[in-house]
Amino acid sequence: MTKTSSMLAALAVGLMTSTAALAGDVRIMWYSDGVEGEVLKDLLDRFMKENPDINVVLDNVSYSVVREQLPVQLEAGHGPDIARVTNLKAQSQHWLDLRPLVADPAYWDENFGAQADWMRPDGSNQISGFMTQVTIAGGFANKTLFEQAGVAIPGDDATWDDWAKAAKQVAESQQVPFPMALDRSGHRLSGPNLAYGGNYIGADGKPAPLDEGTKSFLTKFVGWIEDGTMAKDVWVSAAGSTYRAAADDFINGQLVYYYSGSWQIPNFSTKIGTNFDWVATGSPCGPANCTGMTGGAGLVAVKYTKNPAEVAKVMDYLAREDIVKEFSERTLFLPAHKGVLAKGLDFKTDDAQAKAALNEFVTASGALSEIARKLPGWHWSDTFYGALVTRVSQASAGEMPIDEAFKRIDADIAAKVKEAGQ
């Protein structure tokens with residue numbers, strides 16, 4: 001790339017993610033796991049017909065842009081007007097308080113109050129936005145491969161070891177390259193860490209050093225990568241804390257058991273079709289419990305906007321009960337809206353497997369541990385997740401022993417805490 005083209009590319013990114021400067025413009029930074037970007041565009045087109053004085057610009061970007069570029073923009077006091085974000089708590093100082101701007105703050109408190117603390121500064125009653133969906137981490141099994149191998153799918157109380165044993169049997173029988181895979185994500189590692197008795201939160205509310213529960217699963221996990229039980233490429237083909245999913249391997253029938261989460265359901269429904277049968281499994285059990293992790297993506301207003309009134313109007317529209325219901329039914333997402341959940345949803349799919357999977361994740365939400373429910377609203381969650389991914393990847397690649405990775409994780413987190421002046 002020439003110097004001129006590099007400058008033009010950088011300018012394009014800057015223009016795409018900069019705060020809207022024109023009166024009436026509202027720019028949204030959005031990423032998609034499945035079809036949700038298309039659904040949102042349809043809803044926003046209807047909004048603009050009803051509100052011709054407000055022009056909404058939807059920037060569809062990759063998740064890595066939200067993870068890696070948006071924080072840089074925010075620290076510089078720039079960014080979009082609204083963004084879809086998963087790292088909600090640690091960046092909450094950048095979110096706009098919508099409480100004085102929305103039409104009915106009590107409506108927001110009633111329907112989105114359960115997750116409001118996930119995205120507001122500690123100690124405040126700020127309305128920053130709402131969850132576009134609540135997600136639950138959990139597993140997916142290629143049912144067809146299990147049936148062809150004559151191996152029973154492990155039951156609801158099956159352990160991680162049970163799944164590893166069964167998945168290896170199936171992979172060997174059917175000559176499939178990957179028995180198991182787990183997304184390159186600290187959030188995804190955290191479900192099994194907690195199931196093995198791990199707890200990241202110290203008595204003072206700050207990060208605790210890695211405990212024996214967490215070390216126990218991470219040691220097992222790296223061992224599985226070394227012996228081929230767990231897909232290695234997912235963890236060693238990226239640097240730092242970069243996210244990588246293994247969804248394509250599952251969709252292509254190359255993976256027996258995939259630990260990801262409920263957000264994959266629309267993706268699988270669209271792309272797998274009738275190629276093979278698949279089922280959601282909840283989370284495997286560890287010695288402590290059978291928890292997964294909860295979380296999700298929040299749609300938040302950014303306080304550097306030049307058009308806060310227009311931003312609030314867009315947010316009020318997208319948070320409306322009928323709009324949340326339609327968005328959730330069309331995207332196959334589990335909504336956060338209390339009223340929508342109470343009245344029930346009619347998911348817009350003829351895919352019986354997808355509907356069954358959604359119900360499985362609703363059931364799995366009841367198995368979440370207390371710590372799993374706390375972590376989305378904990379300030380240091382993303383710091384912990386990032387250190388886990390970086391160092392576990394290095395151990396998985398053979399760059400350092402797992403015990404050295406443990407020391408580096410603790411040191412990385414301690415440095416971040418110190419850097420924040422705490």
# chains A, B, ... in the order shown; residues from 1 in each chain; ligands from 1
$ residues_around --residues "segment 155-160 of chain A" --least-positions-apart "6" --cutoff "7 Å" --atoms "only C-alpha atoms" --output "list in words"
Pro284, Cys285 and Gly286 of chain A
$ select_by_dssp --residues "segment 192-366 of chain A" --states "strand (DSSP E or B)" --output "mmCIF file with C-alpha atoms, in the first residue's frame"
data_model
loop_
_atom_site.group_PDB
_atom_site.id
_atom_site.type_symbol
_atom_site.label_atom_id
_atom_site.label_comp_id
_atom_site.auth_asym_id
_atom_site.auth_seq_id
_atom_site.Cartn_x
_atom_site.Cartn_y
_atom_site.Cartn_z
ATOM 1 C CA ILE A 201 -13.300 -10.932 42.147
ATOM 2 C CA PRO A 207 -9.057 -8.533 40.610
ATOM 3 C CA MET A 230 -9.332 -28.868 21.317
ATOM 4 C CA ARG A 244 -11.682 -15.418 16.989
ATOM 5 C CA LEU A 255 -16.188 -29.828 14.391
ATOM 6 C CA VAL A 256 -17.974 -32.237 16.735
ATOM 7 C CA TYR A 257 -18.557 -30.010 19.790
ATOM 8 C CA TYR A 258 -18.380 -26.219 19.831
ATOM 9 C CA TYR A 259 -18.460 -24.062 22.979
ATOM 10 C CA SER A 260 -19.735 -20.610 22.046
ATOM 11 C CA GLY A 261 -23.157 -19.175 22.878
ATOM 12 C CA TRP A 278 -27.343 -29.894 15.533
ATOM 13 C CA VAL A 279 -28.403 -29.290 19.119
ATOM 14 C CA ALA A 280 -27.603 -26.812 21.898
ATOM 15 C CA THR A 281 -26.333 -28.475 25.065
ATOM 16 C CA GLY A 282 -26.029 -25.890 27.821
ATOM 17 C CA CYS A 285 -20.224 -29.334 34.430
ATOM 18 C CA THR A 294 -24.006 -14.401 30.657
ATOM 19 C CA GLY A 295 -23.431 -11.158 28.818
ATOM 20 C CA GLY A 296 -24.513 -9.643 25.576
ATOM 21 C CA ALA A 297 -24.176 -6.571 23.438
ATOM 22 C CA GLY A 298 -25.483 -3.223 24.582
ATOM 23 C CA LEU A 299 -26.565 -0.348 22.374
ATOM 24 C CA VAL A 300 -25.140 2.723 24.101
ATOM 25 C CA ALA A 301 -25.196 6.448 23.438
ATOM 26 C CA VAL A 302 -21.774 8.119 23.285
#
$ select_by_dssp --residues "segment 53-151 of chain A" --states "helix (DSSP H, G or I)" --output "ChimeraX atom specification"
/A:63-75,92-94,105-119,143-149
$ residues_around --residues "segment 264-266 of chain A" --least-positions-apart "5" --cutoff "9 Å" --atoms "only C-alpha atoms" --output "PyMOL selection string"
chain A and resi 33-36+247+271+280+331-333+354-355+357-358
$ write_last_selection --atoms "C-alpha atoms" --output "PDB file, in the first residue's frame"
ATOM      1  CA  ASP A  33     -23.020 -12.072  14.351  1.00  0.00           C
ATOM      2  CA  GLY A  34     -25.895 -13.033  12.067  1.00  0.00           C
ATOM      3  CA  VAL A  35     -28.733 -11.170  10.356  1.00  0.00           C
ATOM      4  CA  GLU A  36     -29.244  -8.440  12.968  1.00  0.00           C
ATOM      5  CA  ALA A 247     -18.275 -20.965  14.041  1.00  0.00           C
ATOM      6  CA  LYS A 271     -25.878 -21.266   7.141  1.00  0.00           C
ATOM      7  CA  ALA A 280     -27.603 -26.812  21.898  1.00  0.00           C
ATOM      8  CA  THR A 331     -32.925 -12.003  14.799  1.00  0.00           C
ATOM      9  CA  LEU A 332     -33.620 -15.030  17.048  1.00  0.00           C
ATOM     10  CA  PHE A 333     -32.116 -13.147  20.005  1.00  0.00           C
ATOM     11  CA  ALA A 354     -33.130 -23.129  16.154  1.00  0.00           C
ATOM     12  CA  LYS A 355     -36.304 -22.886  18.258  1.00  0.00           C
ATOM     13  CA  ALA A 357     -31.762 -24.310  20.821  1.00  0.00           C
ATOM     14  CA  LEU A 358     -33.253 -21.011  21.988  1.00  0.00           C
TER      15      LEU A 358
END
$ atom_distance --atom1 "atom CA of Gly202 of chain A" --atom2 "atom CA of Trp380 of chain A"
10.9 Å
$ closest_residue --among "A:Trp263, A:Leu341, A:Asp277, A:Lys206" --to "Lys418 of chain A" --atoms "only C-alpha atoms"
A:Lys206
$ atom_distance --atom1 "atom CA of Gln174 of chain A" --atom2 "atom CA of Thr274 of chain A"
18.9 Å
$ residues_around --residues "Arg373 of chain A" --least-positions-apart "3" --cutoff "10 Å" --atoms "only C-alpha atoms" --output "list in words"
Thr291, Gly292, Met293, Thr294, Gly295, Ser365, Leu368, Ser369, Glu370, Pro376, Gly377 and Trp378 of chain A
$ residues_around --residues "segment 394-396 of chain A" --least-positions-apart "2" --cutoff "8 Å" --atoms "only C-alpha atoms" --output "ChimeraX atom specification"
/A:222,225-226,232,235-236,390-392,398-402,405
